[in-house]
file work_3.cif (mmCIF, N, CA, C and O atoms)
data_entry
loop_
_atom_site.label_atom_id
_atom_site.label_comp_id
_atom_site.auth_asym_id
_atom_site.auth_seq_id
_atom_site.Cartn_x
_atom_site.Cartn_y
_atom_site.Cartn_z
N MET A 1 0.83 -1.17 0.00
CA MET A 1 0.00 0.00 0.00
C MET A 1 0.88 1.24 0.00
O MET A 1 1.77 1.39 0.82
N THR A 2 0.67 2.12 -0.94
CA THR A 2 1.48 3.32 -1.08
C THR A 2 0.75 4.50 -0.44
O THR A 2 -0.40 4.77 -0.75
N ASN A 3 1.47 5.17 0.45
CA ASN A 3 0.91 6.35 1.11
C ASN A 3 1.63 7.57 0.55
O ASN A 3 2.74 7.87 0.95
N VAL A 4 1.02 8.26 -0.40
CA VAL A 4 1.63 9.42 -1.04
C VAL A 4 1.05 10.69 -0.44
O VAL A 4 -0.17 10.86 -0.39
N THR A 5 1.94 11.56 0.02
CA THR A 5 1.48 12.83 0.58
C THR A 5 1.25 13.81 -0.55
O THR A 5 2.10 13.99 -1.43
N GLN A 6 0.12 14.43 -0.53
CA GLN A 6 -0.21 15.45 -1.54
C GLN A 6 0.14 16.82 -0.98
O GLN A 6 -0.24 17.16 0.14
N PHE A 7 0.88 17.58 -1.75
CA PHE A 7 1.23 18.93 -1.35
C PHE A 7 0.25 19.91 -1.98
O PHE A 7 -0.15 19.74 -3.12
N ALA A 8 -0.10 20.92 -1.23
CA ALA A 8 -0.99 21.97 -1.71
C ALA A 8 -0.49 23.30 -1.18
O ALA A 8 0.12 23.36 -0.11
N PRO A 9 -0.72 24.37 -1.92
CA PRO A 9 -0.29 25.69 -1.42
C PRO A 9 -0.96 26.02 -0.10
O PRO A 9 -2.14 25.71 0.10
N ALA A 10 -0.18 26.59 0.79
CA ALA A 10 -0.74 27.03 2.08
C ALA A 10 -1.59 28.27 1.84
O ALA A 10 -1.25 29.13 1.02
N ALA A 11 -2.67 28.36 2.56
CA ALA A 11 -3.54 29.53 2.44
C ALA A 11 -2.83 30.74 3.05
O ALA A 11 -2.30 30.66 4.16
N MET A 12 -2.79 31.80 2.30
CA MET A 12 -2.17 33.02 2.79
C MET A 12 -3.17 33.77 3.66
O MET A 12 -4.36 33.76 3.37
N PRO A 13 -2.67 34.40 4.72
CA PRO A 13 -3.60 35.16 5.55
C PRO A 13 -4.20 36.32 4.74
O PRO A 13 -3.54 36.87 3.86
N ASP A 14 -5.42 36.62 5.04
CA ASP A 14 -6.11 37.71 4.35
C ASP A 14 -5.80 39.01 5.07
O ASP A 14 -6.62 39.54 5.82
N SER A 15 -4.58 39.52 4.84
CA SER A 15 -4.17 40.74 5.52
C SER A 15 -4.07 41.89 4.51
O SER A 15 -3.84 41.68 3.33
N SER A 16 -4.19 43.07 5.03
CA SER A 16 -4.14 44.25 4.19
C SER A 16 -2.70 44.57 3.80
O SER A 16 -1.74 44.06 4.40
N ALA A 17 -2.54 45.43 2.82
CA ALA A 17 -1.20 45.86 2.40
C ALA A 17 -0.49 46.54 3.55
O ALA A 17 0.73 46.38 3.72
N GLN A 18 -1.22 47.29 4.36
CA GLN A 18 -0.61 47.96 5.51
C GLN A 18 -0.11 46.93 6.53
O GLN A 18 0.99 47.06 7.05
N ASP A 19 -0.92 45.92 6.80
CA ASP A 19 -0.49 44.88 7.75
C ASP A 19 0.74 44.14 7.23
O ASP A 19 1.67 43.86 7.99
N ARG A 20 0.76 43.83 5.95
CA ARG A 20 1.93 43.16 5.37
C ARG A 20 3.17 44.05 5.46
O ARG A 20 4.26 43.56 5.73
N ALA A 21 3.02 45.35 5.23
CA ALA A 21 4.15 46.27 5.32
C ALA A 21 4.70 46.32 6.74
O ALA A 21 5.93 46.30 6.94
N VAL A 22 3.83 46.34 7.73
CA VAL A 22 4.28 46.35 9.12
C VAL A 22 4.95 45.03 9.47
O VAL A 22 5.99 45.01 10.15
N ASP A 23 4.40 43.92 9.00
CA ASP A 23 5.02 42.62 9.25
C ASP A 23 6.41 42.54 8.64
O ASP A 23 7.34 42.03 9.26
N ARG A 24 6.56 43.04 7.41
CA ARG A 24 7.89 43.04 6.76
C ARG A 24 8.87 43.91 7.54
O ARG A 24 10.04 43.54 7.72
N LEU A 25 8.42 45.05 8.01
CA LEU A 25 9.28 45.94 8.79
C LEU A 25 9.70 45.29 10.10
O LEU A 25 10.88 45.35 10.49
N ALA A 26 8.76 44.63 10.77
CA ALA A 26 9.09 43.96 12.02
C ALA A 26 10.10 42.85 11.79
O ALA A 26 11.06 42.69 12.57
N GLU A 27 9.93 42.06 10.75
CA GLU A 27 10.87 40.97 10.45
C GLU A 27 12.25 41.52 10.11
O GLU A 27 13.27 41.01 10.58
N ALA A 28 12.31 42.58 9.31
CA ALA A 28 13.60 43.17 8.95
C ALA A 28 14.28 43.76 10.18
O ALA A 28 15.50 43.64 10.34
N SER A 29 13.51 44.37 11.08
CA SER A 29 14.08 44.93 12.31
C SER A 29 14.66 43.82 13.18
O SER A 29 15.74 43.98 13.77
N HIS A 30 13.96 42.71 13.25
CA HIS A 30 14.45 41.58 14.03
C HIS A 30 15.78 41.08 13.46
O HIS A 30 16.73 40.82 14.20
N ARG A 31 15.85 40.93 12.14
CA ARG A 31 17.09 40.47 11.50
C ARG A 31 18.22 41.48 11.72
O ARG A 31 19.37 41.09 11.96
N LEU A 32 17.91 42.78 11.63
CA LEU A 32 18.93 43.81 11.87
C LEU A 32 19.45 43.74 13.30
O LEU A 32 20.66 43.79 13.53
N ASN A 33 18.54 43.60 14.28
CA ASN A 33 18.96 43.52 15.68
C ASN A 33 19.85 42.29 15.91
O ASN A 33 20.84 42.37 16.64
N GLU A 34 19.51 41.18 15.29
CA GLU A 34 20.34 39.98 15.42
C GLU A 34 21.72 40.21 14.81
O GLU A 34 22.74 39.81 15.37
N ALA A 35 21.78 40.87 13.66
CA ALA A 35 23.07 41.17 13.02
C ALA A 35 23.91 42.10 13.90
O ALA A 35 25.13 41.93 14.00
N VAL A 36 23.27 43.07 14.54
CA VAL A 36 23.99 43.97 15.45
C VAL A 36 24.56 43.17 16.62
O VAL A 36 25.74 43.33 16.99
N ARG A 37 23.75 42.29 17.22
CA ARG A 37 24.25 41.47 18.33
C ARG A 37 25.45 40.62 17.90
O ARG A 37 26.44 40.52 18.63
N ARG A 38 25.37 40.04 16.72
CA ARG A 38 26.49 39.19 16.24
C ARG A 38 27.75 40.02 16.00
O ARG A 38 28.86 39.58 16.29
N ALA A 39 27.59 41.23 15.46
CA ALA A 39 28.75 42.10 15.24
C ALA A 39 29.39 42.48 16.57
O ALA A 39 30.62 42.49 16.71
N ILE A 40 28.57 42.77 17.57
CA ILE A 40 29.10 43.12 18.90
C ILE A 40 29.85 41.93 19.49
O ILE A 40 30.95 42.10 20.03
N GLU A 41 29.28 40.74 19.37
CA GLU A 41 29.94 39.54 19.88
C GLU A 41 31.24 39.26 19.14
O GLU A 41 32.15 38.65 19.70
N ALA A 42 31.37 39.73 17.90
CA ALA A 42 32.60 39.55 17.12
C ALA A 42 33.63 40.63 17.43
O ALA A 42 34.72 40.62 16.86
N GLY A 43 33.29 41.58 18.29
CA GLY A 43 34.27 42.58 18.71
C GLY A 43 34.11 43.94 18.05
O GLY A 43 35.05 44.72 18.01
N TYR A 44 32.94 44.25 17.55
CA TYR A 44 32.70 45.54 16.90
C TYR A 44 31.72 46.37 17.72
O TYR A 44 30.89 45.83 18.45
N SER A 45 31.83 47.68 17.57
CA SER A 45 30.82 48.60 18.08
C SER A 45 30.00 49.05 16.88
O SER A 45 30.55 49.32 15.81
N VAL A 46 28.69 49.14 17.06
CA VAL A 46 27.79 49.45 15.95
C VAL A 46 26.88 50.60 16.36
O VAL A 46 26.29 50.59 17.44
N GLU A 47 26.78 51.59 15.49
CA GLU A 47 25.83 52.69 15.69
C GLU A 47 25.00 52.80 14.42
O GLU A 47 25.53 52.80 13.31
N LEU A 48 23.69 52.88 14.58
CA LEU A 48 22.79 53.08 13.45
C LEU A 48 22.51 54.58 13.35
O LEU A 48 22.01 55.18 14.29
N VAL A 49 22.85 55.16 12.21
CA VAL A 49 22.77 56.60 12.02
C VAL A 49 21.70 56.91 10.97
O VAL A 49 21.71 56.31 9.89
N ARG A 50 20.81 57.84 11.29
CA ARG A 50 19.81 58.25 10.30
C ARG A 50 20.52 59.03 9.20
O ARG A 50 21.22 60.00 9.45
N THR A 51 20.32 58.58 7.97
CA THR A 51 20.94 59.25 6.83
C THR A 51 19.95 60.11 6.07
O THR A 51 20.34 61.05 5.39
N SER A 52 18.67 59.78 6.18
CA SER A 52 17.65 60.57 5.50
C SER A 52 16.29 60.25 6.09
O SER A 52 16.13 59.31 6.86
N ARG A 53 15.33 61.04 5.70
CA ARG A 53 13.94 60.79 6.08
C ARG A 53 13.13 60.77 4.80
O ARG A 53 13.17 61.71 4.02
N HIS A 54 12.43 59.67 4.57
CA HIS A 54 11.64 59.50 3.36
C HIS A 54 10.21 59.97 3.62
O HIS A 54 9.60 59.57 4.61
N HIS A 55 9.69 60.83 2.75
CA HIS A 55 8.31 61.31 2.84
C HIS A 55 7.54 60.84 1.62
O HIS A 55 8.08 60.76 0.53
N ASP A 56 6.25 60.53 1.80
CA ASP A 56 5.44 60.10 0.66
C ASP A 56 4.56 61.21 0.10
O ASP A 56 3.81 61.00 -0.82
N GLY A 57 4.63 62.40 0.67
CA GLY A 57 3.86 63.52 0.16
C GLY A 57 2.48 63.66 0.76
O GLY A 57 1.78 64.63 0.49
N SER A 58 2.07 62.68 1.58
CA SER A 58 0.74 62.79 2.19
C SER A 58 0.81 62.72 3.71
O SER A 58 -0.16 62.33 4.36
N GLY A 59 1.96 63.07 4.27
CA GLY A 59 2.11 63.12 5.72
C GLY A 59 2.78 61.92 6.34
O GLY A 59 3.07 61.92 7.53
N ASN A 60 3.05 60.88 5.57
CA ASN A 60 3.74 59.71 6.11
C ASN A 60 5.24 59.85 5.88
O ASN A 60 5.67 60.36 4.85
N TRP A 61 6.02 59.40 6.84
CA TRP A 61 7.46 59.52 6.71
C TRP A 61 8.13 58.37 7.44
O TRP A 61 7.52 57.69 8.26
N GLY A 62 9.39 58.15 7.14
CA GLY A 62 10.18 57.12 7.81
C GLY A 62 11.66 57.44 7.72
O GLY A 62 12.12 58.01 6.73
N ASP A 63 12.37 57.13 8.79
CA ASP A 63 13.81 57.34 8.81
C ASP A 63 14.51 56.21 8.07
O ASP A 63 14.12 55.05 8.16
N GLN A 64 15.56 56.56 7.34
CA GLN A 64 16.41 55.58 6.69
C GLN A 64 17.77 55.65 7.37
O GLN A 64 18.24 56.73 7.73
N ILE A 65 18.38 54.47 7.58
CA ILE A 65 19.59 54.40 8.40
C ILE A 65 20.72 53.71 7.67
O ILE A 65 20.51 53.00 6.67
N VAL A 66 21.92 53.93 8.18
CA VAL A 66 23.11 53.23 7.72
C VAL A 66 23.91 52.86 8.98
O VAL A 66 23.96 53.63 9.94
N PRO A 67 24.49 51.66 9.00
CA PRO A 67 25.30 51.30 10.18
C PRO A 67 26.69 51.91 10.10
O PRO A 67 27.30 51.99 9.03
N THR A 68 27.18 52.38 11.24
CA THR A 68 28.56 52.81 11.38
C THR A 68 29.21 51.76 12.27
O THR A 68 28.74 51.53 13.39
N VAL A 69 30.27 51.12 11.78
CA VAL A 69 30.89 50.00 12.50
C VAL A 69 32.34 50.35 12.80
O VAL A 69 33.06 50.85 11.94
N ARG A 70 32.74 50.07 14.04
CA ARG A 70 34.11 50.35 14.46
C ARG A 70 34.64 49.13 15.20
O ARG A 70 33.97 48.61 16.09
N ALA A 71 35.83 48.67 14.82
CA ALA A 71 36.47 47.57 15.53
C ALA A 71 37.03 48.09 16.84
O ALA A 71 37.57 49.20 16.90
N ASN A 72 36.86 47.32 17.90
CA ASN A 72 37.40 47.72 19.19
C ASN A 72 38.91 47.57 19.19
O ASN A 72 39.46 46.68 18.55
N GLU A 73 39.55 48.42 19.98
CA GLU A 73 41.02 48.40 20.07
C GLU A 73 41.50 47.17 20.86
O GLU A 73 42.46 46.53 20.49
N ALA A 74 40.83 46.89 21.97
CA ALA A 74 41.27 45.80 22.84
C ALA A 74 40.75 44.47 22.32
O ALA A 74 39.60 44.37 21.93
N PRO A 75 41.60 43.43 22.31
CA PRO A 75 41.10 42.11 21.87
C PRO A 75 40.10 41.57 22.87
O PRO A 75 40.21 41.81 24.07
N LYS A 76 39.12 40.85 22.38
CA LYS A 76 38.09 40.27 23.22
C LYS A 76 38.67 39.08 23.97
O LYS A 76 39.31 38.22 23.38
N SER A 77 38.47 39.04 25.30
CA SER A 77 39.02 37.93 26.08
C SER A 77 38.15 36.69 25.91
O SER A 77 36.94 36.78 25.72
N ALA A 78 38.79 35.55 25.99
CA ALA A 78 38.08 34.28 25.76
C ALA A 78 37.39 33.78 26.98
O ALA A 78 37.45 34.11 28.04
#
call {"tool": "encode", "arguments": {"input": "work_3.cif", "output": "structure tokens"}}
result
Amino acid sequence: MTNVTQFAPAAMPDSSAQDRAVDRLAEASHRLNEAVRRAIEAGYSVELVRTSRHHDGSGNWGDQIVPTVRANEAPKSA
């Protein structure tokens, strides 16, 4: 007797474009925070600096950032 699993596309949540945009931002922020933690553990200091502010012309805006990374002078002890 053959038991074959049938694959089907997963149903996507019925969310609005705004909800999806916030979800993408939250996920990207989480990945950025994890990258910052890893850089610190590798012996770097990290500062996120606002480089610009994006406006859409209807009152919405958002800061855009760039990381500034500096290697520490003292070696990290084991």
call {"tool": "atom_distance", "arguments": {"input": "work_3.cif", "atom1": "atom CA of Ile40 of chain A", "atom2": "atom CA of Asn72 of chain A"}}
result
9.5 Å
call {"tool": "select_by_dssp", "arguments": {"input": "work_3.cif", "residues": "chain A", "states": "strand (DSSP E or B)", "output": "ChimeraX atom specification"}}
result
/A:44-55,61-71
call {"tool": "atom_distance", "arguments": {"input": "work_3.cif", "atom1": "atom O of Thr68 of chain A", "atom2": "atom CA of Ser45 of chain A"}}
result
5.9 Å
call {"tool": "resolve_selection", "arguments": {"input": "work_3.cif", "expression": "the PyMOL selection byres ((chain A and resi 62) around 4.5)", "output": "MDAnalysis selection string"}}
result
chainID A and resid 52:54 61 63:64
call {"tool": "select_by_dssp", "arguments": {"input": "work_3.cif", "residues": "chain A", "states": "helix (DSSP H, G or I)", "output": "PyMOL selection string"}}
result
chain A and resi 17-41
